[in-house]
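Next comes final20.cif, a file with mmCIF, C-alpha atoms.
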data_protein
#
loop_
_atom_site.label_atom_id
_atom_site.label_comp_id
_atom_site.auth_asym_id
_atom_site.auth_seq_id
_atom_site.Cartn_x
_atom_site.Cartn_y
_atom_site.Cartn_z
CA ILE A 1 27.52 7.22 -101.66
CA ALA A 2 27.75 3.69 -102.94
CA ALA A 3 24.67 2.27 -104.68
CA ALA A 4 24.69 -0.63 -102.23
CA ALA A 5 23.68 1.82 -99.50
CA PHE A 6 20.23 2.01 -101.06
CA SER A 7 19.65 -1.72 -101.48
CA GLY A 8 16.49 -2.82 -99.74
CA ARG A 9 15.21 0.78 -99.64
CA ARG A 10 14.15 1.05 -103.25
CA LEU A 11 10.64 2.40 -103.69
CA ASP A 12 8.18 0.07 -105.30
CA PHE A 13 7.25 1.56 -108.64
CA CYS A 14 4.68 0.12 -110.97
CA ASN A 15 4.24 1.27 -114.53
CA ALA A 16 2.40 -1.75 -115.93
CA LEU A 17 -0.89 -1.05 -117.69
CA ALA A 18 -3.01 -3.49 -119.65
CA VAL A 19 -6.51 -2.92 -121.02
CA ARG A 20 -8.75 -5.63 -122.41
CA VAL A 21 -12.21 -5.04 -123.85
CA THR A 22 -14.65 -7.69 -124.99
CA GLU A 23 -17.82 -6.63 -126.80
CA TRP A 24 -20.82 -8.93 -126.66
CA LEU A 25 -23.16 -7.32 -129.20
CA LYS A 26 -26.75 -8.57 -128.88
CA SER A 27 -25.31 -11.60 -127.08
CA ASN A 28 -25.42 -11.31 -123.28
CA PRO A 29 -22.91 -13.88 -121.88
CA TYR A 30 -24.80 -13.78 -118.55
CA SER A 31 -28.23 -14.43 -120.08
CA TYR A 32 -28.90 -17.15 -117.52
CA THR A 33 -29.55 -14.40 -114.95
CA GLN A 34 -31.66 -11.51 -116.20
CA SER A 35 -32.68 -9.97 -112.88
CA VAL A 36 -31.06 -6.81 -111.51
CA GLN A 37 -30.57 -6.65 -107.74
CA GLY A 38 -32.85 -4.01 -106.19
CA SER A 39 -34.71 -3.34 -109.44
CA ASN A 40 -37.85 -4.45 -111.23
CA GLY A 41 -35.95 -4.21 -114.53
CA ILE A 42 -34.36 -7.13 -116.36
CA VAL A 43 -31.31 -7.47 -118.60
CA SER A 44 -32.29 -8.97 -121.94
CA SER A 45 -30.55 -12.07 -123.20
CA LYS A 46 -29.90 -10.00 -126.35
CA ALA A 47 -28.41 -7.03 -124.47
CA ASP A 48 -25.07 -5.55 -125.49
CA VAL A 49 -22.43 -6.24 -122.83
CA PHE A 50 -18.98 -4.64 -122.68
CA ALA A 51 -16.47 -6.44 -120.48
CA VAL A 52 -13.64 -4.09 -119.46
CA GLU A 53 -10.49 -5.11 -117.64
CA VAL A 54 -7.99 -2.43 -116.67
CA ASN A 55 -4.93 -3.88 -114.99
CA PHE A 56 -2.88 -1.07 -113.50
CA CYS A 57 -0.49 -2.32 -110.85
CA LYS A 58 -3.02 -5.02 -109.89
CA ARG A 59 -5.43 -2.51 -108.36
CA ALA A 60 -9.04 -3.55 -107.77
CA GLU A 61 -10.22 0.08 -107.87
CA LEU A 62 -8.98 2.99 -109.95
CA THR A 63 -8.58 6.62 -108.86
CA GLN A 64 -10.79 7.86 -111.70
CA PRO A 65 -13.75 6.07 -113.30
CA VAL A 66 -13.60 4.23 -116.60
CA THR A 67 -16.54 5.12 -118.86
CA VAL A 68 -18.18 2.92 -121.48
CA THR A 69 -20.58 4.51 -123.99
CA PHE A 70 -23.60 2.63 -125.36
CA PRO A 71 -26.17 3.82 -127.86
CA ILE A 72 -29.52 4.20 -126.08
CA PRO A 73 -31.11 0.77 -126.59
CA ASP A 74 -34.54 0.30 -128.11
CA PHE A 75 -36.49 -1.32 -125.30
CA GLY A 76 -39.61 -1.70 -127.44
CA THR A 77 -43.00 -1.03 -125.88
CA SER A 78 -41.58 -0.78 -122.34
CA SER A 79 -39.46 2.28 -123.20
CA ALA A 80 -42.24 4.81 -122.45
CA ASP A 81 -42.35 3.71 -118.82
CA SER A 82 -38.63 3.24 -118.25
CA ILE A 83 -35.26 4.95 -118.22
CA PRO A 84 -31.99 3.51 -119.58
CA THR A 85 -29.87 2.51 -116.58
CA CYS A 86 -26.39 1.01 -116.34
CA ALA A 87 -25.68 -2.21 -114.51
CA ARG A 88 -22.56 -4.24 -113.88
CA PHE A 89 -22.29 -7.97 -113.48
CA ASP A 90 -21.24 -8.96 -109.95
CA GLU A 91 -19.38 -12.26 -110.18
CA GLN A 92 -19.68 -12.98 -106.45
CA LEU A 93 -23.45 -12.49 -106.42
CA ASP A 94 -23.77 -14.00 -109.91
CA MET A 95 -26.24 -11.30 -110.93
CA TRP A 96 -26.56 -7.79 -112.34
CA VAL A 97 -26.31 -4.89 -109.86
CA THR A 98 -26.43 -1.10 -110.07
CA THR A 99 -24.09 -0.43 -107.14
CA ASP A 100 -20.67 1.08 -107.93
CA VAL A 101 -21.77 2.12 -111.43
CA THR A 102 -23.07 5.52 -112.53
CA THR A 103 -25.42 6.18 -115.42
CA GLY A 104 -25.11 9.30 -117.55
CA ILE A 105 -27.65 9.92 -120.30
CA ASP A 106 -26.91 12.23 -123.23
CA ALA A 107 -30.26 12.37 -125.02
CA SER A 108 -29.00 14.72 -127.71
CA ALA A 109 -26.24 12.26 -128.68
CA GLY A 110 -28.49 9.23 -128.11
CA THR A 111 -26.01 7.61 -125.72
CA VAL A 112 -25.76 6.19 -122.23
CA ASN A 113 -22.43 6.40 -120.39
CA CYS A 114 -21.70 3.81 -117.72
CA SER A 115 -18.87 4.72 -115.32
CA SER A 116 -17.16 2.90 -112.47
CA ARG A 117 -13.87 2.86 -110.61
CA LYS A 118 -13.82 -0.93 -110.54
CA ALA A 119 -10.87 -2.29 -112.51
CA VAL A 120 -12.74 -5.31 -113.91
CA LEU A 121 -16.37 -4.97 -114.99
CA SER A 122 -18.98 -6.15 -117.42
CA TYR A 123 -21.41 -3.31 -118.23
CA THR A 124 -24.84 -3.27 -119.83
CA VAL A 125 -27.86 -0.97 -120.09
CA PHE A 126 -31.33 -2.12 -119.09
CA ALA A 127 -34.80 -0.56 -118.90
CA GLU A 128 -35.37 0.65 -115.33
CA PRO A 129 -39.09 1.13 -114.64
CA THR A 130 -39.71 4.81 -113.85
CA SER A 131 -41.18 3.95 -110.46
CA GLN A 132 -37.69 2.66 -109.50
CA SER A 133 -35.64 5.41 -111.18
CA ALA A 134 -35.63 7.71 -108.15
CA GLU A 135 -33.43 5.17 -106.35
CA SER A 136 -30.88 4.84 -109.16
CA THR A 137 -27.70 6.87 -109.63
CA THR A 138 -28.76 8.28 -113.01
CA GLN A 139 -27.39 11.71 -113.83
CA PRO A 140 -26.91 13.85 -116.91
CA ILE A 141 -23.37 13.74 -118.28
CA SER A 142 -21.08 16.67 -118.85
CA SER A 143 -18.66 17.21 -121.67
CA ASP A 144 -15.72 16.60 -119.32
CA THR A 145 -13.43 13.74 -120.23
CA ILE A 146 -13.52 10.84 -117.82
CA GLY A 147 -10.14 9.25 -117.27
CA LEU A 148 -8.02 7.11 -115.06
CA MET A 149 -4.91 8.25 -113.23
CA ALA A 150 -1.59 6.67 -114.18
CA TRP A 151 2.01 7.80 -114.40
CA GLY A 152 1.24 11.52 -114.14
CA CYS A 153 1.05 12.03 -117.91
CA ALA A 154 -1.75 12.27 -120.46
CA ILE A 155 -2.00 9.42 -122.94
CA PRO A 156 -5.32 9.40 -124.83
CA PHE A 157 -6.43 6.27 -126.61
CA SER A 158 -9.67 4.72 -127.75
CA ILE A 159 -10.78 1.12 -127.94
CA SER A 160 -14.05 0.64 -129.79
CA ALA A 161 -16.83 1.95 -127.54
CA ILE A 162 -14.48 2.94 -124.72
CA SER A 163 -12.48 6.12 -124.51
CA LEU A 164 -9.90 6.45 -121.75
CA LEU A 165 -7.65 9.31 -120.92
CA LEU A 166 -4.69 8.46 -118.76
CA LEU A 167 -3.83 11.58 -116.78
#

Please express what this file holds, its structure, as structure tokens.
Amino acid sequence: IAAAAFSGRRLDFCNALAVRVTEWLKSNPYSYTQSVQGSNGIVSSKADVFAVEVNFCKRAELTQPVTVTFPIPDFGTSSADSIPTCARFDEQLDMWVTTDVTTGIDASAGTVNCSSRKAVLSYTVFAEPTSQSAESTTQPISSDTIGLMAWGCAIPFSISAISLLLL
């Protein structure tokens, strides 16, 4: 069969992957808005913020979550009455939100893992007052590797505070 017989029937195949990470250590680029939608907590102007952009075939959502690991922040005197909780910056709302992001706390390692399937996010950890914590999506983390699906092969790599496993 001539190759021309398949012209116009070629399957679209995308194998483009780009990852960009920006770390804002003790320098919240969104410090003009400290409130968190649906929470009594605030995001400090000196909070660490990790901006993650995963461009895989121009998808807005990924099949597996991307996880960013933060050390548990020192919230000072408010820490006794609060729990570390992940938030993401919502550019449309121009504020921090806890929707579409999961918090995993590993107390023994002293870390907080923030996970989401969104392809472009800015993550941070804030002090959620314990009276609000029942409404959050906080859960203990497992030792399973969180990854994102691409190409059907495993390609591990690490970028600073982010570890991805492409399955």

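Proximity ranking of A:Leu25, A:Ile42, A:Met95, A:Val120 relative to Glu61 of chain A places A:Val120 first, based on only C-alpha atoms.
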
**Prompt:** Expressed in Å to a single decimal, how great is the separation between atom CA of Gln34 of chain A and atom CA of Thr103 of chain A?
**Reply:**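 So the answer is 18.8 Å.
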
**Prompt:** Smallest atom-to-atom distance to Ala127 of chain A: which of A:Ala80, A:Leu17, A:Leu62, A:Val54, using all atoms listed in the file?
**Reply:** A:Ala80

**Request:** Could you tell me which residues the PyMOL selection byres ((chain A and resi 30) around 12) grabs in this file, written as a PyMOL selection string?
**Result:** chain A and resi 24+26-29+31-36+42-51+88-91+94-96+122-124

**Item:** Of the listed residues A:Thr69, A:Pro129, A:Gly76, A:Asp100, that which approaches Cys114 of chain A most closely, counting all atoms listed in the file
**Value:** A:Thr69

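Compared by their closest atoms to Asn40 of chain A, and using all atoms listed in the file, the residues A:Phe70, A:Phe75, A:Phe56, A:Phe126 rank with A:Phe126 nearest.
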
**Request:** Using atom CA of Pro65 of chain A and atom CA of Thr99 of chain A as the two end points, give the distance in Å to one decimal.
**Result:**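 Calculated distance between atom CA of Pro65 of chain A and atom CA of Thr99 of chain A is 13.7 Å.
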
**Message:** Residues near Val125 of chain A, anyone? I mean within 7 Å using all atoms listed in the file, not counting same-chain ones fewer than 4 positions away, as a list of chain:residue names.
**Reply:**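 Final neighbour list, sorted by chain and number: A:Pro84, A:Thr85, A:Cys86, A:Ala87.
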
**Prompt:** Quick one: distance from atom CA of Val101 of chain A to atom CA of Gln37 of chain A in Å, one decimal?
**Reply:**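 Between atom CA of Val101 of chain A and atom CA of Gln37 of chain A the gap works out to 13.0 Å.
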
**Message:** Restricting the calculation to only C-alpha atoms: of A:Val97, A:Pro73, A:Lys118, A:Glu128, which residue gets closest to Ala60 of chain A?
**Reply:** A:Lys118

**Request:** Using only C-alpha atoms, pick whichever of A:Asn55, A:Gln92, A:Ser39, A:Thr111 has the shortest atom-to-atom distance to Ala18 of chain A.
**Result:** A:Asn55
